[in-house]
>>> print(open('final.txt').read())   # compact mmCIF, C-alpha atoms
# COMPACT_ATOMS: atom_id res chain seq x y z
CA MET A 1 14.47 -42.82 67.29
CA GLU A 2 15.94 -46.26 66.60
CA GLU A 3 19.64 -46.15 67.49
CA PRO A 4 21.45 -48.96 65.63
CA LEU A 5 23.90 -50.09 68.34
CA GLN A 6 21.18 -50.31 70.98
CA ALA A 7 18.98 -52.14 68.48
CA GLY A 8 21.81 -54.60 67.81
CA LEU A 9 22.19 -55.28 71.52
CA ALA A 10 18.44 -55.90 71.86
CA ARG A 11 18.54 -58.22 68.84
CA PHE A 12 21.32 -60.26 70.40
CA ILE A 13 19.60 -60.48 73.79
CA SER A 14 16.37 -61.71 72.27
CA GLY A 15 17.87 -64.04 69.69
CA CYS A 16 20.89 -65.53 71.46
CA SER A 17 21.14 -69.32 71.18
CA LEU A 18 22.95 -71.25 73.91
CA GLU A 19 23.78 -73.97 71.39
CA LYS A 20 25.79 -71.46 69.34
CA ILE A 21 27.82 -70.23 72.31
CA PRO A 22 31.33 -71.78 72.37
CA GLU A 23 32.02 -74.11 75.28
CA LYS A 24 34.71 -71.91 76.81
CA PHE A 25 32.12 -69.22 77.59
CA LYS A 26 29.79 -71.76 79.15
CA ALA A 27 32.64 -73.13 81.27
CA ASP A 28 33.51 -69.60 82.37
CA ALA A 29 29.89 -68.86 83.31
CA ARG A 30 29.69 -72.03 85.43
CA LEU A 31 32.72 -70.80 87.40
CA ARG A 32 31.09 -67.36 87.76
CA ILE A 33 27.99 -68.94 89.28
CA LEU A 34 30.10 -70.99 91.69
CA ASP A 35 32.11 -67.95 92.70
CA TRP A 36 29.06 -65.73 93.24
CA ALA A 37 27.29 -68.36 95.34
CA GLY A 38 30.27 -68.59 97.66
CA CYS A 39 30.37 -64.82 98.03
CA ALA A 40 26.63 -64.67 98.71
CA ILE A 41 26.69 -67.39 101.36
CA ALA A 42 29.68 -65.72 103.01
CA GLY A 43 27.86 -62.37 102.90
CA ALA A 44 24.55 -63.61 104.30
CA HIS A 45 25.25 -62.47 107.85
CA TYR A 46 26.77 -59.07 107.11
CA PRO A 47 24.87 -56.11 108.61
CA GLN A 48 23.86 -54.83 105.17
CA THR A 49 22.25 -58.16 104.28
CA VAL A 50 20.54 -58.57 107.64
CA ILE A 51 19.12 -55.04 107.64
CA ALA A 52 17.93 -55.28 104.04
CA GLY A 53 16.40 -58.71 104.72
CA ARG A 54 14.51 -57.39 107.72
CA TYR A 55 13.19 -54.48 105.68
CA LEU A 56 12.15 -56.59 102.69
CA SER A 57 10.44 -59.11 104.96
CA SER A 58 8.37 -56.30 106.45
CA VAL A 59 7.37 -55.13 102.97
CA GLY A 60 6.35 -58.66 101.95
CA GLY A 61 4.69 -59.51 98.65
CA ALA A 62 4.21 -62.54 96.44
CA ALA A 63 6.27 -65.61 97.38
CA GLU A 64 8.16 -66.00 94.10
CA SER A 65 11.88 -66.44 94.74
CA THR A 66 14.34 -67.45 97.44
CA ALA A 67 16.07 -64.67 99.34
CA ILE A 68 19.27 -65.50 101.16
CA GLY A 69 18.95 -65.76 104.93
CA LEU A 70 15.13 -65.66 104.95
CA ASP A 71 12.70 -68.49 105.59
CA ASP A 72 9.97 -67.05 103.37
CA ARG A 73 10.25 -66.38 99.67
CA LEU A 74 9.88 -62.83 98.32
CA PRO A 75 8.86 -61.21 95.06
CA ALA A 76 11.59 -61.86 92.48
CA ARG A 77 12.64 -58.19 92.47
CA SER A 78 13.06 -58.20 96.25
CA ALA A 79 14.91 -61.52 96.28
CA ALA A 80 17.33 -60.22 93.65
CA PHE A 81 17.79 -57.04 95.70
CA LEU A 82 18.76 -58.97 98.82
CA ASN A 83 20.85 -61.58 97.01
CA GLY A 84 22.64 -58.74 95.21
CA VAL A 85 23.60 -57.25 98.57
CA ALA A 86 24.76 -60.60 99.95
CA GLY A 87 26.93 -61.40 96.93
CA HIS A 88 28.82 -58.12 97.08
CA VAL A 89 29.33 -57.16 100.72
CA CYS A 90 32.34 -59.33 101.49
CA GLU A 91 34.25 -57.78 98.53
CA LEU A 92 35.15 -61.16 97.08
CA ASP A 93 32.90 -61.02 94.00
CA ASP A 94 34.42 -60.96 90.54
CA GLY A 95 35.14 -57.76 88.67
CA HIS A 96 36.07 -56.34 85.29
CA ARG A 97 39.22 -54.25 84.83
CA THR A 98 38.29 -52.26 81.72
CA ALA A 99 34.53 -52.10 82.33
CA ILE A 100 35.45 -51.19 85.95
CA GLY A 101 32.75 -52.96 87.91
CA HIS A 102 31.36 -56.23 89.25
CA PRO A 103 29.24 -58.06 86.65
CA GLY A 104 28.43 -61.15 88.72
CA SER A 105 26.74 -59.27 91.53
CA VAL A 106 24.20 -57.65 89.18
CA THR A 107 23.51 -60.54 86.79
CA ILE A 108 23.48 -63.83 88.70
CA PRO A 109 20.99 -62.73 91.43
CA VAL A 110 18.65 -61.51 88.68
CA ALA A 111 18.94 -64.68 86.61
CA LEU A 112 18.40 -66.86 89.69
CA ALA A 113 15.39 -64.96 91.05
CA LEU A 114 13.57 -64.80 87.72
CA ALA A 115 14.46 -68.37 86.74
CA GLU A 116 12.94 -69.57 90.01
CA LYS A 117 9.85 -67.39 89.51
CA THR A 118 9.27 -68.52 85.92
CA GLY A 119 10.42 -72.14 86.14
CA ALA A 120 13.22 -71.58 83.64
CA THR A 121 15.76 -74.36 83.10
CA GLY A 122 19.36 -74.40 84.20
CA ALA A 123 20.34 -73.88 80.57
CA ASP A 124 18.17 -70.76 80.40
CA PHE A 125 19.81 -69.59 83.61
CA LEU A 126 23.33 -70.07 82.23
CA LYS A 127 22.51 -68.28 78.96
CA ALA A 128 21.06 -65.29 80.82
CA VAL A 129 24.21 -65.04 82.94
CA ILE A 130 26.39 -65.03 79.82
CA ILE A 131 24.24 -62.33 78.21
CA GLY A 132 24.37 -60.21 81.37
CA TYR A 133 28.15 -60.45 81.62
CA ASP A 134 28.55 -59.64 77.93
CA THR A 135 26.30 -56.59 78.20
CA PHE A 136 28.13 -55.36 81.29
CA ALA A 137 31.55 -55.69 79.65
CA ARG A 138 30.46 -53.97 76.44
CA LEU A 139 28.66 -51.02 78.00
CA GLY A 140 31.20 -50.62 80.81
CA ARG A 141 34.01 -50.40 78.28
CA THR A 142 31.96 -47.91 76.30
CA VAL A 143 31.67 -45.38 79.13
CA ASN A 144 34.92 -45.98 81.01
CA PRO A 145 37.34 -44.91 82.30
CA SER A 146 35.85 -41.39 82.44
CA HIS A 147 32.50 -42.66 83.78
CA TYR A 148 34.19 -43.98 86.91
CA LYS A 149 35.32 -40.55 88.06
CA THR A 150 32.01 -40.22 89.92
CA TRP A 151 29.69 -43.03 88.82
CA HIS A 152 29.73 -46.51 90.36
CA THR A 153 29.70 -48.61 87.21
CA THR A 154 28.24 -51.64 88.95
CA GLY A 155 25.16 -49.63 89.81
CA THR A 156 24.80 -47.75 86.54
CA VAL A 157 25.94 -50.11 83.79
CA GLY A 158 24.83 -52.91 86.08
CA THR A 159 21.21 -51.81 85.78
CA VAL A 160 21.33 -52.28 82.01
CA ALA A 161 23.16 -55.60 82.37
CA ALA A 162 20.54 -56.74 84.88
CA ALA A 163 17.79 -55.80 82.45
CA ALA A 164 19.51 -57.76 79.68
CA THR A 165 19.75 -60.76 82.00
CA ALA A 166 16.10 -60.48 82.95
CA ALA A 167 15.01 -60.01 79.34
CA SER A 168 16.78 -63.24 78.43
CA ILE A 169 15.08 -65.26 81.20
CA LEU A 170 11.70 -63.78 80.27
CA GLY A 171 12.21 -64.54 76.58
CA LEU A 172 11.47 -60.98 75.47
CA ASN A 173 11.34 -60.33 71.74
CA GLU A 174 13.61 -57.73 70.14
CA GLU A 175 11.16 -54.84 70.57
CA ALA A 176 10.51 -55.59 74.22
CA ALA A 177 14.23 -56.14 74.92
CA ASN A 178 14.97 -52.74 73.40
CA ASN A 179 12.31 -51.19 75.62
CA ALA A 180 13.86 -52.90 78.64
CA ILE A 181 17.26 -51.43 77.78
CA GLY A 182 15.71 -47.99 77.41
CA LEU A 183 13.91 -48.26 80.72
CA ALA A 184 16.99 -49.54 82.54
CA ALA A 185 19.16 -46.73 81.15
CA THR A 186 16.89 -44.08 82.62
CA MET A 187 16.66 -45.93 85.97
CA ALA A 188 20.42 -46.36 86.38
CA GLY A 189 22.33 -44.80 89.25
CA GLY A 190 25.05 -45.30 91.83
CA LEU A 191 27.77 -43.03 93.24
CA ILE A 192 31.38 -43.75 94.14
CA GLU A 193 30.88 -41.37 97.07
CA SER A 194 28.92 -44.23 98.67
CA PHE A 195 32.05 -46.39 99.02
CA GLY A 196 32.83 -47.29 102.60
CA SER A 197 29.17 -47.22 103.63
CA HIS A 198 26.26 -49.64 103.32
CA ALA A 199 25.09 -47.60 100.34
CA LYS A 200 27.77 -49.19 98.15
CA ALA A 201 25.86 -52.47 98.33
CA LEU A 202 22.63 -50.57 97.71
CA ASN A 203 23.99 -49.57 94.29
CA ILE A 204 24.17 -53.27 93.42
CA ALA A 205 20.79 -54.11 94.95
CA GLU A 206 19.00 -51.32 93.08
CA ALA A 207 20.63 -52.39 89.82
CA CYS A 208 19.27 -55.92 90.29
CA GLN A 209 15.80 -54.75 91.26
CA ASN A 210 15.56 -52.05 88.59
CA GLY A 211 16.77 -54.42 85.90
CA ILE A 212 13.98 -56.84 86.75
CA ASP A 213 11.43 -54.02 86.86
CA ALA A 214 12.58 -52.74 83.47
CA ALA A 215 12.21 -56.17 81.85
CA LEU A 216 8.85 -56.95 83.47
CA LEU A 217 7.49 -53.53 82.50
CA ALA A 218 8.71 -54.05 78.95
CA GLN A 219 7.06 -57.47 78.90
CA SER A 220 3.80 -55.73 79.80
CA GLY A 221 4.11 -53.22 76.96
CA PHE A 222 5.77 -50.30 78.78
CA THR A 223 8.05 -48.52 76.32
CA GLY A 224 11.53 -47.11 76.75
CA SER A 225 13.65 -44.95 74.50
CA HIS A 226 15.34 -46.88 71.73
CA SER A 227 18.15 -44.32 71.80
CA ALA A 228 18.53 -44.22 75.59
CA LEU A 229 22.10 -45.49 75.49
CA LEU A 230 23.70 -43.49 72.67
CA GLY A 231 21.26 -40.68 71.89
CA LYS A 232 22.39 -37.04 72.14
CA LYS A 233 20.95 -36.85 75.66
CA GLY A 234 21.27 -40.53 76.50
CA PHE A 235 23.12 -42.55 79.13
CA VAL A 236 26.55 -42.44 77.48
CA ALA A 237 26.42 -38.70 76.78
CA ALA A 238 25.25 -37.98 80.31
CA THR A 239 27.78 -40.08 82.21
CA CYS A 240 31.12 -40.05 80.40
CA SER A 241 33.38 -37.60 78.59
CA ASP A 242 35.27 -40.02 76.33
CA PRO A 243 32.93 -42.70 74.99
CA HIS A 244 34.07 -45.81 73.12
CA PRO A 245 30.90 -46.97 71.34
CA GLU A 246 32.80 -49.47 69.19
CA ASN A 247 32.51 -51.83 72.14
CA LEU A 248 28.78 -52.14 71.47
CA GLU A 249 29.25 -53.16 67.85
CA ASN A 250 28.21 -56.59 66.59
CA PRO A 251 27.22 -58.51 69.72
CA SER A 252 26.77 -62.18 68.87
CA GLU A 253 27.58 -65.70 70.01
CA GLU A 254 30.80 -65.46 67.94
CA THR A 255 31.98 -62.15 69.44
CA LEU A 256 31.28 -62.71 73.14
CA VAL A 257 33.35 -60.89 75.76
CA SER A 258 31.55 -62.43 78.76
CA ASP A 259 34.71 -64.23 79.91
CA THR A 260 36.83 -61.08 80.29
CA ALA A 261 35.99 -60.44 83.96
CA PHE A 262 38.49 -61.37 86.66
CA PHE A 263 38.09 -63.48 89.81
CA LYS A 264 39.08 -61.84 93.07
CA VAL A 265 41.66 -63.44 95.32
CA TYR A 266 41.82 -60.67 97.94
CA ALA A 267 38.89 -59.78 100.21
CA SER A 268 39.32 -56.07 99.55
CA CYS A 269 38.50 -53.39 97.00
CA GLY A 270 39.59 -54.24 93.47
CA HIS A 271 41.85 -51.18 93.41
CA THR A 272 44.04 -52.81 96.07
CA ASN A 273 44.74 -55.79 93.83
CA SER A 274 47.71 -54.69 91.73
CA PRO A 275 49.53 -53.11 94.73
CA LEU A 276 48.95 -56.33 96.67
CA ASP A 277 50.15 -58.37 93.69
CA ALA A 278 53.35 -56.33 93.75
CA LEU A 279 53.73 -56.74 97.51
CA PHE A 280 53.23 -60.50 97.50
CA SER A 281 55.65 -60.84 94.59
CA LEU A 282 58.22 -58.87 96.58
CA MET A 283 57.58 -61.00 99.68
CA LYS A 284 58.27 -64.19 97.74
CA LYS A 285 61.73 -62.86 96.96
CA HIS A 286 62.32 -61.10 100.28
CA PRO A 287 60.35 -62.37 103.30
CA LEU A 288 59.46 -59.35 105.44
CA ASP A 289 59.56 -59.00 109.21
CA PRO A 290 57.11 -56.24 110.23
CA ASP A 291 59.43 -55.18 113.06
CA THR A 292 62.26 -54.37 110.64
CA ILE A 293 60.22 -52.13 108.31
CA ARG A 294 60.87 -48.40 108.47
CA SER A 295 58.42 -47.35 105.75
CA VAL A 296 56.37 -48.60 102.81
CA ARG A 297 55.56 -46.54 99.76
CA VAL A 298 52.94 -47.51 97.19
CA LYS A 299 52.91 -45.68 93.84
CA THR A 300 49.90 -46.36 91.65
CA TYR A 301 47.15 -44.82 89.53
CA ARG A 302 45.02 -41.89 90.68
CA VAL A 303 41.75 -43.79 91.13
CA ALA A 304 43.40 -46.29 93.47
CA VAL A 305 44.92 -43.43 95.48
CA ASP A 306 41.58 -41.64 95.77
CA VAL A 307 39.56 -44.74 96.66
CA THR A 308 42.02 -46.73 98.78
CA GLY A 309 44.91 -44.44 99.74
CA ALA A 310 43.73 -43.37 103.19
CA PHE A 311 44.42 -45.31 106.37
CA ARG A 312 40.99 -46.34 107.66
CA TYR A 313 40.10 -49.29 109.83
CA GLY A 314 37.08 -48.36 111.97
CA THR A 315 34.77 -50.75 110.12
CA GLU A 316 35.25 -53.75 107.87
CA ASP A 317 34.12 -51.70 104.89
CA GLU A 318 36.62 -48.93 105.64
CA ALA A 319 39.49 -51.37 106.07
CA LYS A 320 38.72 -53.11 102.79
CA PHE A 321 39.09 -49.75 101.07
CA SER A 322 42.38 -48.91 102.76
CA LEU A 323 45.68 -49.93 101.17
CA PRO A 324 47.62 -49.11 104.36
CA TRP A 325 45.49 -51.58 106.31
CA CYS A 326 45.57 -54.22 103.56
CA PHE A 327 49.36 -53.96 103.35
CA ALA A 328 49.74 -54.26 107.10
CA ALA A 329 47.55 -57.37 107.07
CA ALA A 330 49.38 -58.87 104.11
CA ILE A 331 52.82 -58.35 105.60
CA THR A 332 51.83 -59.53 109.08
CA ASP A 333 49.59 -62.48 108.17
CA GLY A 334 50.73 -63.33 104.66
CA ALA A 335 47.12 -63.15 103.43
CA VAL A 336 44.25 -60.76 102.72
CA THR A 337 41.16 -62.86 103.41
CA LEU A 338 37.99 -62.15 105.36
CA SER A 339 39.90 -63.03 108.54
CA GLN A 340 42.04 -59.91 108.17
CA PHE A 341 39.00 -57.63 108.54
CA THR A 342 37.35 -58.90 111.71
CA PRO A 343 37.04 -56.56 114.72
CA GLU A 344 39.76 -58.57 116.46
CA ALA A 345 42.13 -58.24 113.52
CA ARG A 346 41.48 -54.51 113.25
CA ALA A 347 42.38 -54.07 116.93
CA ASP A 348 45.83 -55.61 116.45
CA GLU A 349 48.29 -52.92 117.54
CA ARG A 350 51.13 -54.47 115.54
CA LYS A 351 49.12 -54.17 112.33
CA LEU A 352 47.96 -50.67 113.20
CA ALA A 353 51.52 -49.51 113.79
CA LEU A 354 52.65 -50.99 110.47
CA ALA A 355 49.70 -49.50 108.57
CA ARG A 356 50.74 -46.03 109.74
CA LYS A 357 54.06 -46.54 107.94
CA VAL A 358 52.37 -47.06 104.56
CA GLU A 359 52.19 -44.08 102.21
CA VAL A 360 50.13 -44.23 99.00
CA THR A 361 50.98 -41.75 96.24
CA GLU A 362 50.08 -41.23 92.61
CA ASP A 363 52.32 -42.38 89.80
CA PRO A 364 51.47 -40.17 86.77
CA GLU A 365 52.57 -42.91 84.38
CA ALA A 366 50.23 -45.39 86.06
CA THR A 367 47.38 -42.87 85.88
CA SER A 368 47.99 -42.35 82.17
CA LEU A 369 47.78 -46.12 81.58
CA PHE A 370 44.55 -46.69 83.57
CA PRO A 371 42.40 -48.84 83.28
CA ARG A 372 45.57 -50.94 83.26
CA ARG A 373 46.43 -51.42 86.93
CA VAL A 374 50.08 -50.40 87.34
CA ALA A 375 51.57 -50.37 90.84
CA GLU A 376 55.02 -50.15 92.42
CA VAL A 377 55.91 -50.96 96.01
CA GLU A 378 59.01 -49.75 97.85
CA VAL A 379 59.83 -51.14 101.30
CA THR A 380 62.58 -49.44 103.31
CA LEU A 381 64.02 -51.53 106.13
CA SER A 382 65.43 -50.22 109.39
CA ASP A 383 69.00 -50.76 108.14
CA GLY A 384 68.34 -48.56 105.09
CA THR A 385 67.86 -51.39 102.60
CA VAL A 386 65.26 -50.55 99.93
CA LEU A 387 63.28 -53.38 98.31
CA SER A 388 61.00 -52.72 95.35
CA GLU A 389 58.65 -54.49 92.98
CA LYS A 390 56.52 -53.22 90.10
CA VAL A 391 53.60 -54.81 88.26
CA TRP A 392 52.15 -53.54 85.01
CA ASN A 393 48.69 -54.99 85.54
CA SER A 394 46.81 -57.18 87.99
CA ASN A 395 47.30 -60.93 87.87
CA ASP A 396 43.88 -62.14 86.77
CA ALA A 397 44.60 -65.62 85.47
CA ALA A 398 41.67 -67.86 86.39
CA ASP A 399 42.45 -71.26 87.83
CA PRO A 400 39.30 -73.41 88.19
CA ALA A 401 40.84 -75.33 91.09
CA VAL A 402 41.58 -72.08 92.95
CA ILE A 403 38.05 -70.79 92.33
CA ARG A 404 36.57 -74.02 93.61
CA GLN A 405 38.73 -73.91 96.73
CA LYS A 406 37.75 -70.28 97.28
CA PHE A 407 34.09 -71.37 97.22
CA VAL A 408 34.68 -74.30 99.58
CA SER A 409 36.55 -72.08 102.04
CA ALA A 410 33.76 -69.50 101.97
CA VAL A 411 30.96 -71.96 102.73
CA GLN A 412 32.59 -74.65 104.92
CA LYS A 413 31.28 -73.15 108.15
CA THR A 414 27.74 -73.14 106.77
CA LEU A 415 27.65 -76.38 104.77
CA GLY A 416 30.43 -78.50 106.28
CA ASP A 417 33.27 -80.05 104.27
CA GLU A 418 31.21 -82.67 102.44
CA GLY A 419 28.31 -80.29 101.87
CA ALA A 420 30.65 -77.68 100.40
CA GLU A 421 32.07 -80.14 97.87
CA LYS A 422 28.62 -81.38 96.86
CA ALA A 423 27.43 -77.79 96.48
CA ALA A 424 30.38 -77.03 94.21
CA ASP A 425 29.53 -80.02 92.01
CA LEU A 426 25.91 -78.86 91.79
CA LEU A 427 26.77 -75.30 90.83
CA LEU A 428 29.30 -76.37 88.21
CA ALA A 429 26.55 -78.39 86.54
CA ALA A 430 23.95 -75.60 86.73
CA ASP A 431 23.02 -75.77 83.04
CA SER A 432 22.14 -79.47 83.28
CA LEU A 433 19.39 -78.82 85.84
CA SER A 434 15.73 -78.92 84.83
CA GLY A 435 15.18 -75.91 87.09
CA VAL A 436 17.12 -73.72 89.53
CA SER A 437 15.36 -74.84 92.71
CA PRO A 438 18.40 -76.84 93.92
CA ILE A 439 20.55 -73.70 93.64
CA ALA A 440 17.91 -71.62 95.42
CA GLN A 441 17.70 -74.24 98.16
CA LEU A 442 21.47 -74.11 98.52
CA ILE A 443 21.59 -70.38 99.22
CA SER A 444 18.54 -70.59 101.49
CA VAL A 445 20.54 -72.44 104.16
CA ALA A 446 22.98 -69.56 104.61
>>> encode(input="final.txt", output="C-alpha cells")
Amino acid sequence: MEEPLQAGLARFISGCSLEKIPEKFKADARLRILDWAGCAIAGAHYPQTVIAGRYLSSVGGAAESTAIGLDDRLPARSAAFLNGVAGHVCELDDGHRTAIGHPGSVTIPVALALAEKTGATGADFLKAVIIGYDTFARLGRTVNPSHYKTWHTTGTVGTVAAAATAASILGLNEEAANNAIGLAATMAGGLIESFGSHAKALNIAEACQNGIDAALLAQSGFTGSHSALLGKKGFVAATCSDPHPENLENPSEETLVSDTAFFKVYASCGHTNSPLDALFSLMKKHPLDPDTIRSVRVKTYRVAVDVTGAFRYGTEDEAKFSLPWCFAAAITDGAVTLSQFTPEARADERKLALARKVEVTEDPEATSLFPRRVAEVEVTLSDGTVLSEKVWNSNDAADPAVIRQKFVSAVQKTLGDEGAEKAADLLLAADSLSGVSPIAQLISVA
C-alpha cells in the first residue's frame, strides 16, 4: 500500500535541491558538522569506542571509509557504526527537545562514511545532513512524547533518519528512497533501559549501520513497505500511543525544520539541562558555598526524574545521568564539562557529600507540559534561607562563537591550538570541498 505521508517524505529525500535550501539552514548544518566532529574526537578514546573499534577491526571488510581511532579504513557501514559511537559517548552531541533525541549522532557519521565511499562532494554531504536532521525532527515529533516512555528515539527514529541521509548521498530515486524508509522502519530499535551502560551508544551505532544497510539494499532493488511508518501495523502504531502525523506533512526546501535541534553546553544527559539552567541562573544571583548548603531540591518533569533522579557516580556514564552528581559538580566547580566526570572528580568527598543532599522530585505541572523542559530548584542554606529559581524551558539559543569554542576546547589536546582553529575553519566550509577526504583525515588523527 502506498501511504501518502511516507511517499511525500521519499519524494523530498530524492528530489531535494541544495540550491533551493535557504542559507540559514545551510549555516546551521555547518555548525552541526563542527559540533559533531568535536564530540567524536573527544569520544575517540572512551571505552565504548575502543572496544567497538577493536571488534570491527577484527571483522574487517572492504577499505571504504575512515573510522575514528583506527589506522585502516573499514566498510562504510562499520565506519559509521564506530563514528556514531564516538560522537555520542561524551554526551556533548546536539539534541532535539520535541523529537527527543540526538539527530547529529545518527546522520553525520552516515553522511561522512558514504560520501567518502562514493566520492560525493562537500555540497552533497551538507545536503544529506540537512535531510537527515529534517527527517529526524519530523518523525520524532510524530511519535513523541509517548514513544520515549520506553523507546530510545535516537536509535529508533534515528534509523529512519540515517536511511534518509544515506539515500540522499546515494542519489536514490523516489521509489528506492521509499523502500529505504520501509526497510529502516522495520530495522529500528533501541531501549531507554540501556541508559547508563555501553548499550546506549550501541543504539546510535546500530541506527547508523542499519540506515546505510537499508539504503544500499534499496539501491540494489530490495523492497520495503511503503506504509511502514503510518500503516495500521507500522512503526508509529507500534511505538507510540498519541501520534502527531501532521509533522510529516509537506516536507520541502521551504518547510524545513532541520535547524530546530539544540546544541549541548553541559556534558551530561539532556534531561539535566533545564535543572542545570535553573541552578546556574540562581548561582548568578546568589553565589553558593557548598559548605553552607543544608539541602537542594529539584522539581521537574517525570522523564527527567526517572532517567536522572538517582544519585549514581560509579562510572562516567552513571554520573552523567545523575542530577545529584551534576548539581554537586556545578555548585562546587561552577561548570559541568567532561572534567567533572573523571575518576578523580568522582572520588571528591566534598562533591559526594553535597550530592547526597540533592533530592529530585516530580512536578506534576512540569510533567503535563513535557516535552517542554520545566524545572525548579530550591536551595536551603544552613541558616534556613531558601533560594529558588524556575525555568520554563531549556536555554537552547545557539551562538556560533560558543559552538566554535566548544569544538576548539574538545580537540585542543589532540590537534593543538593552531590545529584546532584550522580544523574549525575546514569544517565550517564543508560544502565548498570537492570531497570529504579532508574531514575524514581530520577525525583519523583522534
>>> closest_residue(input="final.txt", among="A:Gly101, A:Pro145, A:Gly119, A:Pro75", to="A:Asp242", atoms="only C-alpha atoms")
A:Pro145
>>> closest_atom_pairs(input="final.txt", of="stretch 210-293 of chain A", to="stretch 404-428 of chain A", cutoff="12 Å", atoms="all atoms listed in the file", output="Markdown table")
| residue | atom | partner | partner_atom | distance |
| --- | --- | --- | --- | --- |
| A:Phe263 | CA | A:Lys406 | CA | 10.1 |
| A:Lys264 | CA | A:Lys406 | CA | 9.5 |
| A:Val265 | CA | A:Lys406 | CA | 8.1 |
| A:Tyr266 | CA | A:Lys406 | CA | 10.5 |
| A:Ala267 | CA | A:Lys406 | CA | 11.0 |
>>> residues_around(input="final.txt", residues="A:Val129", least_positions_apart="5", cutoff="10 Å", atoms="only C-alpha atoms", output="ChimeraX atom specification")
/A:26,29-30,32-33,103-104,106-112,123-124,134-135,161-162,164-166,168-169,258
>>> atom_distance(input="final.txt", atom1="atom CA of A:Thr315", atom2="atom CA of A:Thr367")
28.4 Å
>>> atom_distance(input="final.txt", atom1="atom CA of A:Ala237", atom2="atom CA of A:Phe12")
23.1 Å
>>> residues_around(input="final.txt", residues="A:Ala80", least_positions_apart="5", cutoff="12 Å", atoms="all atoms listed in the file", output="short mmCIF file (atom, residue, chain, number, x, y, z; two decimals) with C-alpha atoms, keeping the file's coordinate frame")
data_model
loop_
_atom_site.label_atom_id
_atom_site.label_comp_id
_atom_site.auth_asym_id
_atom_site.auth_seq_id
_atom_site.Cartn_x
_atom_site.Cartn_y
_atom_site.Cartn_z
CA ALA A 40 26.63 -64.67 98.71
CA THR A 49 22.25 -58.16 104.28
CA ALA A 52 17.93 -55.28 104.04
CA GLY A 53 16.40 -58.71 104.72
CA LEU A 56 12.15 -56.59 102.69
CA GLU A 64 8.16 -66.00 94.10
CA SER A 65 11.88 -66.44 94.74
CA THR A 66 14.34 -67.45 97.44
CA ALA A 67 16.07 -64.67 99.34
CA ILE A 68 19.27 -65.50 101.16
CA ARG A 73 10.25 -66.38 99.67
CA LEU A 74 9.88 -62.83 98.32
CA PRO A 75 8.86 -61.21 95.06
CA VAL A 85 23.60 -57.25 98.57
CA ALA A 86 24.76 -60.60 99.95
CA GLY A 87 26.93 -61.40 96.93
CA SER A 105 26.74 -59.27 91.53
CA VAL A 106 24.20 -57.65 89.18
CA THR A 107 23.51 -60.54 86.79
CA ILE A 108 23.48 -63.83 88.70
CA PRO A 109 20.99 -62.73 91.43
CA VAL A 110 18.65 -61.51 88.68
CA ALA A 111 18.94 -64.68 86.61
CA LEU A 112 18.40 -66.86 89.69
CA ALA A 113 15.39 -64.96 91.05
CA LEU A 114 13.57 -64.80 87.72
CA ALA A 115 14.46 -68.37 86.74
CA GLU A 116 12.94 -69.57 90.01
CA LYS A 117 9.85 -67.39 89.51
CA ALA A 162 20.54 -56.74 84.88
CA THR A 165 19.75 -60.76 82.00
CA ALA A 166 16.10 -60.48 82.95
CA LEU A 202 22.63 -50.57 97.71
CA ILE A 204 24.17 -53.27 93.42
CA ALA A 205 20.79 -54.11 94.95
CA GLU A 206 19.00 -51.32 93.08
CA ALA A 207 20.63 -52.39 89.82
CA CYS A 208 19.27 -55.92 90.29
CA GLN A 209 15.80 -54.75 91.26
CA ASN A 210 15.56 -52.05 88.59
CA GLY A 211 16.77 -54.42 85.90
CA ILE A 212 13.98 -56.84 86.75
CA ASP A 213 11.43 -54.02 86.86
CA ALA A 440 17.91 -71.62 95.42
#
>>> atom_distance(input="final.txt", atom1="atom CA of A:Asp396", atom2="atom CA of A:Gln340")
21.6 Å
>>> closest_residue(input="final.txt", among="A:Val257, A:Ala214, A:Leu433, A:Val296", to="A:Val377", atoms="only C-alpha atoms")
A:Val296
>>> closest_atom_pairs(input="final.txt", of="stretch 120-202 of chain A", to="stretch 244-252 of chain A", cutoff="10 Å", atoms="all atoms listed in the file", output="JSON lines")
{"residue": "A:Ile131", "atom": "CA", "partner": "A:Ser252", "partner_atom": "CA", "distance": 9.7}
{"residue": "A:Asp134", "atom": "CA", "partner": "A:Pro251", "partner_atom": "CA", "distance": 8.4}
{"residue": "A:Thr135", "atom": "CA", "partner": "A:Leu248", "partner_atom": "CA", "distance": 8.4}
{"residue": "A:Ala137", "atom": "CA", "partner": "A:Asn247", "partner_atom": "CA", "distance": 8.5}
{"residue": "A:Arg138", "atom": "CA", "partner": "A:Asn247", "partner_atom": "CA", "distance": 5.2}
{"residue": "A:Leu139", "atom": "CA", "partner": "A:Leu248", "partner_atom": "CA", "distance": 6.6}
{"residue": "A:Gly140", "atom": "CA", "partner": "A:Asn247", "partner_atom": "CA", "distance": 8.9}
{"residue": "A:Arg141", "atom": "CA", "partner": "A:Asn247", "partner_atom": "CA", "distance": 6.5}
{"residue": "A:Thr142", "atom": "CA", "partner": "A:His244", "partner_atom": "CA", "distance": 4.4}
{"residue": "A:Val143", "atom": "CA", "partner": "A:His244", "partner_atom": "CA", "distance": 6.5}
{"residue": "A:Asn144", "atom": "CA", "partner": "A:His244", "partner_atom": "CA", "distance": 7.9}
{"residue": "A:Pro145", "atom": "CA", "partner": "A:His244", "partner_atom": "CA", "distance": 9.8}
>>> residues_near_point(input="final.txt", point="(36.2, -59.5, 88.9)", cutoff="7 Å", atoms="only C-alpha atoms", output="list in words")
Asp93, Asp94, Gly95, His96, His102, Ala261, Phe262, Phe263 and Lys264 of chain A
>>> decode(input="final.txt", residues="stretch 19-31 of chain A", atoms="C-alpha atoms", output="compact mmCIF listing (two decimals), in the first residue's frame")
# COMPACT_ATOMS: atom_id res chain seq x y z
CA GLU A 19 20.26 25.40 -4.24
CA LYS A 20 16.65 25.80 -3.04
CA ILE A 21 17.53 25.44 0.63
CA PRO A 22 17.65 28.83 2.41
CA GLU A 23 21.06 29.89 3.66
CA LYS A 24 20.10 29.80 7.33
CA PHE A 25 19.64 26.02 7.16
CA LYS A 26 22.99 25.58 5.45
CA ALA A 27 24.67 27.74 8.09
CA ASP A 28 23.02 25.69 10.82
CA ALA A 29 24.18 22.42 9.23
CA ARG A 30 27.78 23.66 9.04
CA LEU A 31 27.67 24.30 12.80
